[in-house]
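Asker: So I've got this file, structure16.pdb, and it contains PDB, C-alpha atoms:
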```pdb
ATOM      1  CA  MET A   1     428.563 201.445  65.507
ATOM      2  CA  ALA A   2     429.190 198.328  67.534
ATOM      3  CA  THR A   3     426.701 196.642  69.797
ATOM      4  CA  ALA A   4     427.417 195.843  73.420
ATOM      5  CA  LYS A   5     427.518 192.146  72.578
ATOM      6  CA  GLU A   6     430.250 192.724  69.983
ATOM      7  CA  LEU A   7     432.168 194.933  72.388
ATOM      8  CA  SER A   8     432.053 192.347  75.164
ATOM      9  CA  GLU A   9     434.008 189.968  72.930
ATOM     10  CA  LEU A  10     436.941 192.408  72.725
ATOM     11  CA  THR A  11     439.848 192.432  75.158
ATOM     12  CA  VAL A  12     440.384 195.172  77.722
ATOM     13  CA  ASP A  13     443.298 196.615  75.719
ATOM     14  CA  ASP A  14     441.181 196.746  72.557
ATOM     15  CA  LEU A  15     438.398 198.498  74.454
ATOM     16  CA  ARG A  16     440.828 201.072  75.850
ATOM     17  CA  ARG A  17     442.244 201.661  72.377
ATOM     18  CA  ARG A  18     438.762 202.089  70.939
ATOM     19  CA  ALA A  19     437.815 204.510  73.741
ATOM     20  CA  THR A  20     440.896 206.606  72.958
ATOM     21  CA  GLU A  21     440.004 206.680  69.264
ATOM     22  CA  LEU A  22     436.442 207.728  70.034
ATOM     23  CA  ARG A  23     437.642 210.485  72.351
ATOM     24  CA  GLU A  24     439.886 211.788  69.572
ATOM     25  CA  SER A  25     437.039 211.715  67.076
ATOM     26  CA  LEU A  26     434.813 213.566  69.560
ATOM     27  CA  PHE A  27     437.515 216.199  69.919
ATOM     28  CA  GLN A  28     437.673 216.572  66.136
ATOM     29  CA  ASP A  29     433.882 216.753  65.958
ATOM     30  CA  GLN A  30     433.888 219.497  68.592
ATOM     31  CA  LEU A  31     436.417 221.500  66.568
ATOM     32  CA  LYS A  32     434.375 221.055  63.408
ATOM     33  CA  LEU A  33     431.228 222.102  65.248
ATOM     34  CA  ARG A  34     432.901 225.295  66.500
ATOM     35  CA  THR A  35     434.295 226.173  63.078
ATOM     36  CA  GLY A  36     431.059 225.320  61.297
ATOM     37  CA  THR A  37     432.497 222.550  59.118
ATOM     38  CA  LEU A  38     430.671 219.641  60.777
ATOM     39  CA  ASP A  39     428.722 217.982  57.979
ATOM     40  CA  ASN A  40     426.501 215.677  60.006
ATOM     41  CA  PRO A  41     425.812 216.505  63.680
ATOM     42  CA  MET A  42     424.414 213.014  64.167
ATOM     43  CA  GLU A  43     427.951 211.613  63.798
ATOM     44  CA  ARG A  44     428.910 213.431  66.986
ATOM     45  CA  THR A  45     425.939 211.917  68.803
ATOM     46  CA  ASN A  46     426.798 208.450  67.520
ATOM     47  CA  HIS A  47     430.417 208.834  68.651
ATOM     48  CA  ARG A  48     429.258 209.861  72.128
ATOM     49  CA  ARG A  49     426.955 206.856  72.363
ATOM     50  CA  ASP A  50     429.646 204.490  71.103
ATOM     51  CA  LEU A  51     432.064 205.863  73.687
ATOM     52  CA  ALA A  52     429.483 205.312  76.412
ATOM     53  CA  ARG A  53     428.999 201.704  75.271
ATOM     54  CA  VAL A  54     432.739 201.063  75.213
ATOM     55  CA  LEU A  55     433.249 202.580  78.654
ATOM     56  CA  THR A  56     430.337 200.592  80.080
ATOM     57  CA  VAL A  57     431.701 197.283  78.801
ATOM     58  CA  LEU A  58     435.210 198.254  79.917
ATOM     59  CA  THR A  59     433.953 199.024  83.423
ATOM     60  CA  GLN A  60     432.096 195.720  83.579
ATOM     61  CA  LYS A  61     435.163 193.789  82.483
ATOM     62  CA  THR A  62     437.550 195.517  84.861
ATOM     63  CA  ALA A  63     435.080 195.171  87.751
ATOM     64  CA  SER A  64     434.740 191.445  87.158
ATOM     65  CA  VAL A  65     438.528 191.029  86.991
ATOM     66  CA  SER A  66     439.116 193.071  90.144
ATOM     67  CA  ALA A  67     436.284 191.274  91.969
ATOM     68  CA  ALA A  68     437.803 187.918  91.109
ATOM     69  CA  SER A  69     441.262 188.997  92.270
ATOM     70  CA  GLY A  70     439.796 190.668  95.359
ATOM     71  CA  ALA A  71     437.930 187.491  96.295
ATOM     72  CA  ALA A  72     441.122 185.461  95.941
ATOM     73  CA  THR A  73     442.987 187.931  98.155
ATOM     74  CA  ALA A  74     440.218 187.874 100.748
ATOM     75  CA  ARG A  75     440.224 184.082 100.814
ATOM     76  CA  ALA A  76     444.007 184.019 101.236
ATOM     77  CA  SER A  77     443.971 186.517 104.083
ATOM     78  CA  ALA A  78     441.067 184.718 105.789
ATOM     79  CA  SER A  79     442.880 181.388 105.665
ATOM     80  CA  ALA A  80     446.033 183.047 107.012
ATOM     81  CA  ALA A  81     444.026 184.551 109.861
ATOM     82  CA  GLU A  82     442.541 181.168 110.726
ATOM     83  CA  VAL A  83     445.982 179.560 110.903
ATOM     84  CA  ALA A  84     447.480 182.274 113.088
ATOM     85  CA  SER A  85     446.323 182.178 116.675
ATOM     86  CA  ASP A  86     448.065 185.174 118.231
ATOM     87  CA  PRO A  87     446.584 188.674 117.645
ATOM     88  CA  ALA A  88     449.797 190.148 116.255
ATOM     89  CA  ALA A  89     449.876 187.638 113.396
ATOM     90  CA  VAL A  90     446.185 188.227 112.650
ATOM     91  CA  ALA A  91     446.798 191.976 112.448
ATOM     92  CA  GLU A  92     449.645 191.405 109.991
ATOM     93  CA  ALA A  93     447.565 189.027 107.846
ATOM     94  CA  ALA A  94     444.670 191.471 107.492
ATOM     95  CA  PRO A  95     445.091 193.861 104.562
ATOM     96  CA  ALA A  96     445.824 197.433 105.543
ATOM     97  CA  GLU A  97     442.946 199.783 104.857
ATOM     98  CA  ALA A  98     443.612 202.646 102.501
ATOM     99  CA  LYS A  99     443.728 206.033 104.096
ATOM    100  CA  THR A 100     441.237 208.476 102.681
ATOM    101  CA  ARG A 101     442.054 212.109 102.415
ATOM    102  CA  ALA A 102     439.422 214.586 103.450
ATOM    103  CA  ARG A 103     438.173 216.686 100.584
ATOM    104  CA  PRO A 104     438.061 220.422 100.972
ATOM    105  CA  SER A 105     434.545 221.759 101.058
ATOM    106  CA  ALA A 106     433.090 222.943  97.783
ATOM    107  CA  LYS A 107     431.918 226.243  99.204
ATOM    108  CA  LYS A 108     434.517 228.566 100.552
ATOM    109  CA  SER A 109     433.400 231.443 102.666
ATOM    110  CA  ARG A 110     434.685 234.637 101.196
ATOM    111  CA  ALA A 111     434.653 237.718 103.277
ATOM    112  CA  PRO A 112     433.905 240.892 101.342
ATOM    113  CA  ALA A 113     437.013 242.841 100.561
ATOM    114  CA  LEU A 114     437.324 246.003 102.599
ATOM    115  CA  ARG A 115     438.136 249.024 100.535
ATOM    116  CA  SER A 116     439.569 252.172 101.906
ATOM    117  CA  LYS A 117     438.031 255.457 100.830
ATOM    118  CA  PRO A 118     440.165 257.435  98.377
TER     119      PRO A 118
END
```
Could I get this file's structure written as structure tokens?
Answerer:
Amino acid sequence: MATAKELSELTVDDLRRRATELRESLFQDQLKLRTGTLDNPMERTNHRRDLARVLTVLTQKTASVSAASGAATARASASAAEVASDPAAVAEAAPAEAKTRARPSAKKSRAPALRSKP
């Protein structure tokens, strides 16, 4: 079991590798639990907690990297917008917004099936 402080010293690739290993061990633990050969159920709990720690640190690291790159991109586009004076150039300098796709609703109305009498 590694602490969050120890995990924060690892690289992003190492954290991803460790997360994959923990997922595999959780899969094996699940199989052992179903077949009744799991010796210590606490191992499964510890693996779940370790995976949560790894994923938390991984999310923090990737968020800080993407925030730093996003800030640099925003600064670059802002400086380009300041230099350009005509509206067409400003529109080109601004990053295009991602299109979001509408999700289908979770509930689907289902009409009762009509049955003919035999």
Asker: What would the selection look like, as a ChimeraX atom specification, if the PyMOL selection byres ((chain A and resi 47) around 12) were run on the coordinates I just shared?
Answerer: /A:1-2,18-30,40-46,48-54
Asker: CA of Gly70 in chain A and CA of Ser8 in chain A, how far apart in Å?
Answerer: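 Result for CA of Ser8 in chain A versus CA of Gly70 in chain A: 21.7 Å, one decimal.
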Asker: CA of Glu6 in chain A and CA of Val57 in chain A are how many Å apart?
Answerer: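 Rounded to one decimal, the two atoms are 10.0 Å apart.
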Asker: Which centre and edge lengths in Å to one decimal define the box along x, y and z that fits every listed atom of range 40-58 of chain A plus 3 Å per side, as lines of an AutoDock Vina configuration file?
Answerer:
```
center_x = 429.8
center_y = 206.9
center_z = 70.0
size_x = 16.8
size_y = 25.2
size_z = 26.1
```
